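Peer 1: Structure incoming, see below.
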Amino acid sequence: MTASGDPVVTAKAFVGAVAWGEHTTVWDLLAPDARIAVLELATRRGMDPLLAARLREGTAGDDERDGFLADLLHGLQAELVGVEVDELRYLSGDRGTTVEDSVLVHLVADVPAELGDAVPVGRIELVVTGGRWSVVRLDGAS
């Protein structure tokens, strides 16, 4: 598993893109298998299969793509509701469980010392695809 960079850097970029509504960056940072899984879920929930095919192949119109990615972004933002993104710390973790050779990056928020250790608020699973780290999934603490 060789990749340029650190999975923590990609995790930070992904969370930042989610927080700031950079929908095309979110899509670009998703692993190809994660994109397919998102499109399959959207189809099961009523998305037109032809639209899903155009999105998968990169032939959807800008309006179609932007509408879909806005919906995806809202779903991802729900995973981070109540999280102060600018104050997160990112900790490299164990191996992931979704795909082979994936790794976890834990998202933690510091609390006042009298309350104890940092609190986990989510995690991102990443895998190397095409020589770079890509996001497999985002799990919020909820």
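Identifiers in the structure tokens: chain A, B, ... in order shown; residue index from 1 per chain; ligand index from 1 in order shown.
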Using only C-alpha atoms, I'd like a table of the residues in region 57-81 of chain A that come within 8 Å of region 20-29 of chain A; for each, show the closest atom pair and its distance in Å rounded to one decimal, ordered by chain and ascending number, as a Markdown table.

Peer 2:
```
| residue | atom | partner | partner_atom | distance |
| --- | --- | --- | --- | --- |
| A:Asp66 | CA | A:His23 | CA | 7.6 |
| A:Leu69 | CA | A:His23 | CA | 5.7 |
| A:Ala70 | CA | A:His23 | CA | 6.4 |
| A:Leu73 | CA | A:His23 | CA | 6.2 |
```

Peer 1: Which residues come within 6 Å of region 31-46 of chain A, counting only C-alpha atoms, excluding same-chain residues fewer than 2 positions away, as number ranges by chain?

Peer 2: A: 49, 52, 134-136

Peer 1: May I ask for the distance between CA of Leu30 (chain A) and CA of Val128 (chain A), given in Å to one decimal place?

Peer 2: 10.8 Å

Peer 1: Point out the residue among A:Arg65, A:Arg95, A:Arg89, A:Arg132 with the least atom-to-atom distance to Val15 (chain A), counting only C-alpha atoms.

Peer 2: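 Answer, going by the shortest atom-to-atom distance: A:Arg89.
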
Peer 1: Pick out each residue of chain A that DSSP on the backbone tags as alpha helix (DSSP H); I need them as a PyMOL selection string.

Peer 2: chain A and resi 7-20+23-29+32-44+49-57+62-79

Peer 1: Please identify all polymer residues within 8 Å of Ser102 (chain A), counting only C-alpha atoms, omitting same-chain residues fewer than 3 positions from it, and present them as a list in words.

Peer 2: Arg95, Gly96, Thr97, Thr98, Val99, Glu125, Leu126, Val127 and Val128 of chain A

Peer 1: Which residues, written as a VMD selection string, have at least one atom at most 10 Å from Asp6 (chain A), with only C-alpha atoms counted and residues fewer than 5 positions away on the same chain left out?

Peer 2: chain A and resid 11 92 132 to 133

Peer 1: Please produce a file of those selected residues containing all heavy atoms, as an mmCIF file, in the first residue's frame.

Peer 2:
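Wrote out_11.cif, looks like this:
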```cif
data_model
loop_
_atom_site.group_PDB
_atom_site.id
_atom_site.type_symbol
_atom_site.label_atom_id
_atom_site.label_comp_id
_atom_site.auth_asym_id
_atom_site.auth_seq_id
_atom_site.Cartn_x
_atom_site.Cartn_y
_atom_site.Cartn_z
ATOM 1 N N ALA A 11 -8.158 13.080 5.119
ATOM 2 C CA ALA A 11 -9.310 13.148 6.026
ATOM 3 C C ALA A 11 -9.646 14.602 6.349
ATOM 4 O O ALA A 11 -10.817 14.996 6.327
ATOM 5 C CB ALA A 11 -9.028 12.363 7.302
ATOM 6 N N SER A 92 -4.504 9.049 13.558
ATOM 7 C CA SER A 92 -4.407 7.811 12.791
ATOM 8 C C SER A 92 -4.831 6.652 13.668
ATOM 9 O O SER A 92 -4.483 6.595 14.849
ATOM 10 C CB SER A 92 -2.974 7.597 12.303
ATOM 11 O OG SER A 92 -2.636 8.572 11.358
ATOM 12 N N ARG A 132 -3.192 7.460 -4.373
ATOM 13 C CA ARG A 132 -3.536 8.504 -3.393
ATOM 14 C C ARG A 132 -4.568 7.963 -2.418
ATOM 15 O O ARG A 132 -5.252 6.976 -2.700
ATOM 16 C CB ARG A 132 -4.060 9.758 -4.080
ATOM 17 C CG ARG A 132 -5.408 9.572 -4.744
ATOM 18 C CD ARG A 132 -5.903 10.859 -5.403
ATOM 19 N NE ARG A 132 -7.203 10.668 -6.001
ATOM 20 C CZ ARG A 132 -8.356 10.958 -5.396
ATOM 21 N NH1 ARG A 132 -8.372 11.470 -4.185
ATOM 22 N NH2 ARG A 132 -9.499 10.757 -6.007
ATOM 23 N N TRP A 133 -4.686 8.631 -1.295
ATOM 24 C CA TRP A 133 -5.688 8.245 -0.306
ATOM 25 C C TRP A 133 -7.051 8.740 -0.746
ATOM 26 O O TRP A 133 -7.200 9.878 -1.185
ATOM 27 C CB TRP A 133 -5.341 8.817 1.065
ATOM 28 C CG TRP A 133 -4.149 8.158 1.665
ATOM 29 C CD1 TRP A 133 -2.875 8.652 1.723
ATOM 30 C CD2 TRP A 133 -4.100 6.869 2.283
ATOM 31 N NE1 TRP A 133 -2.054 7.740 2.329
ATOM 32 C CE2 TRP A 133 -2.770 6.648 2.679
ATOM 33 C CE3 TRP A 133 -5.053 5.879 2.524
ATOM 34 C CZ2 TRP A 133 -2.376 5.472 3.319
ATOM 35 C CZ3 TRP A 133 -4.659 4.715 3.154
ATOM 36 C CH2 TRP A 133 -3.335 4.516 3.544
#
```

Peer 1: Which value, in Å to one decimal, gives the distance between CA of Leu88 (chain A) and CA of His106 (chain A)?

Peer 2: 9.7 Å

Peer 1: For Ala109 (chain A), which of A:Ile124, A:Val83, A:Gly131, A:Lys12 is the closest residue, counting only C-alpha atoms?

Peer 2: A:Val83

Peer 1: Could you please write out, as a PyMOL selection string, every residue of chain A that DSSP assigns to strand (DSSP E or B)?

Peer 2: chain A and resi 4+30+88-95+103-109+119-129+132-140
